[in-house]
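Asker: First the structure, then my questions, so here it is.
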Amino acid sequence: MRILHVVPSYLPAVRYGGPIFAVHGLCRALTARGHEIEVVTTNIDGPGNSRVPVGIPVNLDGVRVRYFSSPLFRRLYWAPALRRALRRDPGKFDAVHLHSVFLWPTWTAARCARRAGIPYVLSPRGMLVRELIVRRSRLAKSAWIHFVEKSNVEHAAAAHVTSQLEAAELERFGWRLPRLAVIPNGIDEPLAAAGESATDIEAIAAEQPLVLFLGRLSWKKGLDRLVRAFAHTATGTLAIVGTDDEAFAPQLMKLAAGLRIADRIRLLPRTVIGCEKERLFAAARLCVLPSYSENFGNTVLEAMRRAVPVVVTPEVGAAEIVREAGAGIVAEGHPEPLGAAIRRLTEDPGLARSMGEAGQRHAMTNFTWDRVAAQMEKLYGDLKY
């Protein structure tokens with residue numbers, strides 16, 4: 001099949017988190033299964049632009065990608081040349097897959113697909129959650145939902161969600177939903193541990209037992225309640241590692257100081273990939289994802305694949321996977337139960353090891369990208385308007 005994927009940003013090796021890694025993993029796997037996959041996106045990279053050819057196809061790990069510039073309205077990822085390509089090209093494809101909401105590329109791609117009579121799949125990627133909308137840009141996003149997003153969803157041939165939790169959040173809007181397909185993200189094979197890590201990574205890895213949070217430093221990730229929960233433990237070091245685009249790190253350290261646990265917290269506000277990421281996973285006794293809202297939680301699968309047990313809150317989409325696999329503990333986000341879960345795995349290495357091994361078996365069996373791509377290609381094959 002020939003599938004066009006539309007993504008606002010597509011820089012999986014640089015600054016963007018779970019959704020972009022997931023889209024790239026899916027596109028690679030679909031290409032490996034013999035499908036013709038093309039990605040159209042913008043060259044936006046934070047406040048600047050990525051150094052990629054504009055309008056010329058680029059081969060990225062076997063995936064054909066075309067980047068377009070966004071001269072104005074960059075918060076919406078407005079790219080007029082991308083629109084021209086979408087108006088010209090949809091007839092070459094069997095289906096279109098849109099990977100975002102609240103952004104201009106999704107809106108214009110949905111309109112172009114409908115005009116061309118091409119079915120499209122819409123993946124909200126965890127962005128259609130009422131509580132998140134209320135907390136951030138409520139008026140602007142509510143207006144966009146009413147005038148744009150509702151129509152985008154209702155006219156889709158299918159909506160793709162990564163967990164039952166995300167499906168439930170989408171159903172709360174009360175729209176006339178198309179077919180809902182629950183297909184999880186996959187997981188890449190761990191990299192070889194070869195290569196030297198920076199001194200800040202090695203310093204964290206030397207702290208034992210190590211409790212690791214690895215992901216974007218954002219209020220959505222529940223890091224404030226993680227710090228409060230860690231105050232209910234007596235041993236171990238908590239490492240909070242990840243890109244800090246929201247300048248959230250100072251708030252966390254102030255909170256830790258107020259709880260008198262700043263000496264037990266290591267905060268590293270930068271992107272960590274490659275061998276440095278592997279070094280942290282190898283050193284961790286457990287990983288924690290205490291999000292207030294998380295449609296899936298790729299880091300959960302990453303930890304499981306490496307035999308690291310996890311503690312997650314019920315608001316994490318992958319919590320159902322953790323329960324099914326016996327890969328860790330699903331704990332309420334209040335300080336006492338979350339702290340008790342962390343304490344239990346920190347103080348019982350045998351239990352941590354057995355849960356980590358159970359998670360690894362489950363991840364290797366059920367969440368390869370080839371297995372996920374097989375589910376997605378079946379969805380594409382069933383699409384109808």
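Letters A, B, ... mark the chains of the structure tokens in the order given; residue numbers begin at 1 per chain; ligand numbers begin at 1, in order shown.
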Could you pull out all residues of region 13-170 of chain A with a DSSP call of strand (DSSP E) and give them as a PyMOL selection string?

Answerer: chain A and resi 36-42+44-45+48-49+58-60+63-68+95-98+120-122+158-161

Asker: Restricted to N, CA and C atoms, what would the selected residues look like written as a CSV table (one decimal), in the first residue's frame?

Answerer:
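Dumped to selection34.csv:
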chain,number,residue,atom,x,y,z
A,36,GLU,N,4.8,1.5,0.5
A,36,GLU,CA,5.4,2.7,0.1
A,36,GLU,C,5.0,3.8,1.1
A,37,ILE,N,5.9,4.3,1.9
A,37,ILE,CA,5.6,5.2,2.9
A,37,ILE,C,6.3,6.6,2.6
A,38,GLU,N,5.6,7.6,2.7
A,38,GLU,CA,6.2,9.0,2.6
A,38,GLU,C,5.7,9.8,3.7
A,39,VAL,N,6.6,10.7,4.3
A,39,VAL,CA,6.3,11.6,5.4
A,39,VAL,C,6.4,13.0,4.8
A,40,VAL,N,5.4,13.8,5.1
A,40,VAL,CA,5.6,15.3,4.8
A,40,VAL,C,5.5,16.0,6.2
A,41,THR,N,6.3,17.0,6.3
A,41,THR,CA,6.5,17.6,7.6
A,41,THR,C,7.0,19.0,7.4
A,42,THR,N,7.3,19.7,8.5
A,42,THR,CA,8.0,21.0,8.5
A,42,THR,C,9.4,20.9,8.9
A,44,ILE,N,10.6,22.8,11.2
A,44,ILE,CA,10.7,23.5,12.5
A,44,ILE,C,11.4,22.7,13.5
A,45,ASP,N,12.4,23.3,14.2
A,45,ASP,CA,13.1,22.7,15.3
A,45,ASP,C,13.2,23.6,16.5
A,48,GLY,N,14.2,27.5,16.1
A,48,GLY,CA,14.9,27.6,14.8
A,48,GLY,C,14.4,26.6,13.8
A,49,ASN,N,15.2,26.4,12.8
A,49,ASN,CA,14.9,25.4,11.8
A,49,ASN,C,16.0,24.3,11.7
A,58,VAL,N,14.2,13.3,1.4
A,58,VAL,CA,15.3,12.8,2.2
A,58,VAL,C,15.1,11.4,2.7
A,59,ASN,N,16.1,10.6,2.6
A,59,ASN,CA,16.0,9.2,3.1
A,59,ASN,C,16.4,9.2,4.6
A,60,LEU,N,15.5,8.9,5.5
A,60,LEU,CA,15.8,8.8,6.9
A,60,LEU,C,15.5,7.4,7.4
A,63,VAL,N,13.0,5.7,5.3
A,63,VAL,CA,11.7,6.4,5.2
A,63,VAL,C,11.9,7.6,4.3
A,64,ARG,N,11.1,7.8,3.3
A,64,ARG,CA,11.2,9.0,2.4
A,64,ARG,C,10.5,10.1,3.2
A,65,VAL,N,11.2,11.2,3.4
A,65,VAL,CA,10.7,12.4,4.1
A,65,VAL,C,10.9,13.6,3.3
A,66,ARG,N,9.8,14.5,3.3
A,66,ARG,CA,9.9,15.8,2.6
A,66,ARG,C,9.6,16.9,3.7
A,67,TYR,N,10.6,17.8,3.8
A,67,TYR,CA,10.5,18.9,4.8
A,67,TYR,C,10.0,20.2,4.0
A,68,PHE,N,9.2,21.0,4.7
A,68,PHE,CA,8.7,22.3,4.2
A,68,PHE,C,8.9,23.4,5.2
A,95,ALA,N,-4.1,5.9,1.3
A,95,ALA,CA,-4.6,6.5,2.6
A,95,ALA,C,-3.6,7.5,3.1
A,96,VAL,N,-4.1,8.4,4.0
A,96,VAL,CA,-3.3,9.4,4.6
A,96,VAL,C,-3.4,9.1,6.1
A,97,HIS,N,-2.3,9.3,6.8
A,97,HIS,CA,-2.3,9.1,8.3
A,97,HIS,C,-1.8,10.4,8.9
A,98,LEU,N,-2.7,11.0,9.7
A,98,LEU,CA,-2.4,12.3,10.4
A,98,LEU,C,-2.0,12.1,11.8
A,120,TYR,N,-8.6,8.9,5.5
A,120,TYR,CA,-7.5,9.2,6.4
A,120,TYR,C,-7.7,8.7,7.8
A,121,VAL,N,-6.6,8.4,8.5
A,121,VAL,CA,-6.6,8.0,9.9
A,121,VAL,C,-6.1,9.1,10.7
A,122,LEU,N,-6.7,9.4,11.8
A,122,LEU,CA,-6.2,10.5,12.7
A,122,LEU,C,-5.7,9.9,14.0
A,158,ALA,N,-11.0,6.5,10.3
A,158,ALA,CA,-10.7,5.8,11.6
A,158,ALA,C,-9.9,6.7,12.5
A,159,ALA,N,-10.0,6.6,13.8
A,159,ALA,CA,-9.2,7.3,14.7
A,159,ALA,C,-8.3,6.2,15.4
A,160,HIS,N,-7.0,6.5,15.4
A,160,HIS,CA,-6.1,5.6,16.0
A,160,HIS,C,-5.7,6.1,17.4
A,161,VAL,N,-5.8,5.2,18.4
A,161,VAL,CA,-5.4,5.6,19.8
A,161,VAL,C,-4.4,4.5,20.2

Asker: Could you pull out the residues in region 311-378 of chain A that DSSP calls alpha helix (DSSP H) from the backbone, as a PyMOL selection string?

Answerer: chain A and resi 319-325+335-347+349-366+369-378

Asker: Taking a cut-off of 10 Å and counting only C-alpha atoms, can you build a table that, for each residue of region 90-184 of chain A near region 285-293 of chain A, reports the nearest atom pair and how far apart they are in Å (one decimal), sorted by chain then residue number, as JSON lines?

Answerer:
{"residue": "A:Gly126", "atom": "CA", "partner": "A:Ser293", "partner_atom": "CA", "distance": 8.1}
{"residue": "A:Met127", "atom": "CA", "partner": "A:Ser293", "partner_atom": "CA", "distance": 9.6}
{"residue": "A:Val129", "atom": "CA", "partner": "A:Ser293", "partner_atom": "CA", "distance": 8.0}
{"residue": "A:Glu131", "atom": "CA", "partner": "A:Ser293", "partner_atom": "CA", "distance": 8.4}
{"residue": "A:Leu132", "atom": "CA", "partner": "A:Ser293", "partner_atom": "CA", "distance": 7.7}
{"residue": "A:Leu165", "atom": "CA", "partner": "A:Ser293", "partner_atom": "CA", "distance": 9.6}
{"residue": "A:Glu166", "atom": "CA", "partner": "A:Ser293", "partner_atom": "CA", "distance": 9.4}

Asker: Which one is closest to Arg51 (chain A): A:Ala325, A:Leu268, A:Leu11, A:Val211? Count only C-alpha atoms.

Answerer: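 The answer is A:Leu11, which sits nearest to Arg51 (chain A).
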
Asker: Could the residues of region 158-247 of chain A that have an atom at most 12 Å from region 362-369 of chain A be listed as CSV, each with its closest atom pair and the distance in Å to one decimal, counting only C-alpha atoms and ordered by chain and ascending residue number?

Answerer:
residue,atom,partner,partner_atom,distance
A:Thr162,CA,A:Phe367,CA,11.9
A:Ile183,CA,A:Phe367,CA,10.2
A:Pro184,CA,A:Phe367,CA,7.8
A:Asn185,CA,A:Phe367,CA,7.2
A:Gly186,CA,A:Trp369,CA,4.7
A:Ile187,CA,A:Thr368,CA,5.7
A:Asp188,CA,A:Trp369,CA,7.1
A:Glu189,CA,A:Thr368,CA,8.4
A:Pro190,CA,A:Met364,CA,11.1

Asker: Take the residues that were just selected and, keeping N, CA and C atoms, output them as a CSV table (one decimal), in the first residue's frame.

Answerer:
chain,number,residue,atom,x,y,z
A,162,THR,N,-3.6,4.8,21.2
A,162,THR,CA,-2.6,3.8,21.6
A,162,THR,C,-2.9,3.0,22.8
A,183,ILE,N,-4.2,0.6,18.9
A,183,ILE,CA,-3.0,-0.1,18.4
A,183,ILE,C,-1.8,0.6,19.2
A,184,PRO,N,-1.1,-0.2,20.0
A,184,PRO,CA,0.0,0.4,20.9
A,184,PRO,C,1.2,0.9,20.1
A,185,ASN,N,2.1,1.6,20.7
A,185,ASN,CA,3.4,1.8,20.1
A,185,ASN,C,4.2,0.6,20.2
A,186,GLY,N,5.3,0.6,19.4
A,186,GLY,CA,6.2,-0.5,19.5
A,186,GLY,C,7.5,0.0,20.2
A,187,ILE,N,8.5,-0.9,20.3
A,187,ILE,CA,9.7,-0.6,20.9
A,187,ILE,C,10.9,-1.0,20.1
A,188,ASP,N,11.9,-0.2,20.0
A,188,ASP,CA,13.1,-0.5,19.3
A,188,ASP,C,14.0,-1.4,20.1
A,189,GLU,N,14.9,-2.1,19.4
A,189,GLU,CA,15.9,-2.9,20.1
A,189,GLU,C,16.8,-2.0,20.9
A,190,PRO,N,17.3,-2.4,22.1
A,190,PRO,CA,18.2,-1.6,22.8
A,190,PRO,C,19.5,-1.5,22.0

Asker: Just the number, please: distance in Å from CA of Leu280 (chain A) to CA of Met304 (chain A), one decimal.

Answerer: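 Interatomic distance, CA of Leu280 (chain A) to CA of Met304 (chain A): 13.7 Å.
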
Asker: To one decimal in Å, tell me the separation between CA of Ser218 (chain A) and CA of Leu255 (chain A).

Answerer: 14.5 Å

Asker: What does the distance from CA of Leu223 (chain A) to CA of Val7 (chain A) come to in Å, to one decimal?

Answerer: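 Here the two named atoms are 27.8 Å from each other.
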
Asker: Using only C-alpha atoms, find the one residue out of A:Val52, A:Ile3, A:Ala29, A:Ala318 that sits nearest to Asp94 (chain A).

Answerer: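 Nearest candidate to Asp94 (chain A) out of A:Val52, A:Ile3, A:Ala29, A:Ala318: A:Ile3.
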
Asker: Using only C-alpha atoms, find the one residue out of A:Thr299, A:Ser100, A:Asn152, A:Gln251 that sits nearest to Pro119 (chain A).

Answerer: A:Asn152

Asker: Which of these residues is nearest to Gly317 (chain A), using only C-alpha atoms: A:Val330, A:Ala181, A:Gln164, A:Ala256?

Answerer: A:Gln164

Asker: Write out as a short mmCIF file (atom, residue, chain, number, x, y, z; two decimals) with N, CA and C atoms, in the first residue's frame the residues lying within 12 Å of Asp200 (chain A), counting only C-alpha atoms and excluding same-chain residues fewer than 6 positions away.

Answerer:
data_model
loop_
_atom_site.label_atom_id
_atom_site.label_comp_id
_atom_site.auth_asym_id
_atom_site.auth_seq_id
_atom_site.Cartn_x
_atom_site.Cartn_y
_atom_site.Cartn_z
N ALA A 206 26.42 6.14 39.10
CA ALA A 206 27.14 5.63 40.27
C ALA A 206 26.28 5.65 41.53
N GLU A 207 25.18 6.38 41.51
CA GLU A 207 24.29 6.47 42.68
C GLU A 207 23.42 5.21 42.76
N ALA A 239 16.84 10.21 40.06
CA ALA A 239 17.39 10.96 38.93
C ALA A 239 16.25 11.37 38.02
N VAL A 241 15.70 13.09 34.52
CA VAL A 241 16.55 13.36 33.36
C VAL A 241 15.68 13.59 32.13
N ARG A 266 19.03 14.01 41.80
CA ARG A 266 19.94 14.46 40.75
C ARG A 266 19.09 14.87 39.56
N LEU A 267 19.18 16.13 39.18
CA LEU A 267 18.36 16.66 38.10
C LEU A 267 19.25 17.00 36.91
N LEU A 268 18.98 16.38 35.76
CA LEU A 268 19.78 16.61 34.57
C LEU A 268 18.86 17.08 33.44
N PRO A 269 18.73 18.41 33.26
CA PRO A 269 17.78 18.95 32.30
C PRO A 269 18.35 19.05 30.89
N ARG A 270 18.60 17.91 30.28
CA ARG A 270 19.07 17.90 28.89
C ARG A 270 18.63 16.61 28.21
N VAL A 272 18.93 13.15 26.52
CA VAL A 272 19.85 12.03 26.67
C VAL A 272 19.41 10.92 25.71
N GLU A 276 24.33 7.00 26.28
CA GLU A 276 24.08 7.60 27.58
C GLU A 276 22.73 7.15 28.14
N ARG A 279 23.16 3.69 29.38
CA ARG A 279 23.90 3.67 30.65
C ARG A 279 22.97 3.92 31.83
N LEU A 280 22.04 4.85 31.66
CA LEU A 280 21.09 5.14 32.75
C LEU A 280 20.15 3.97 32.99
#
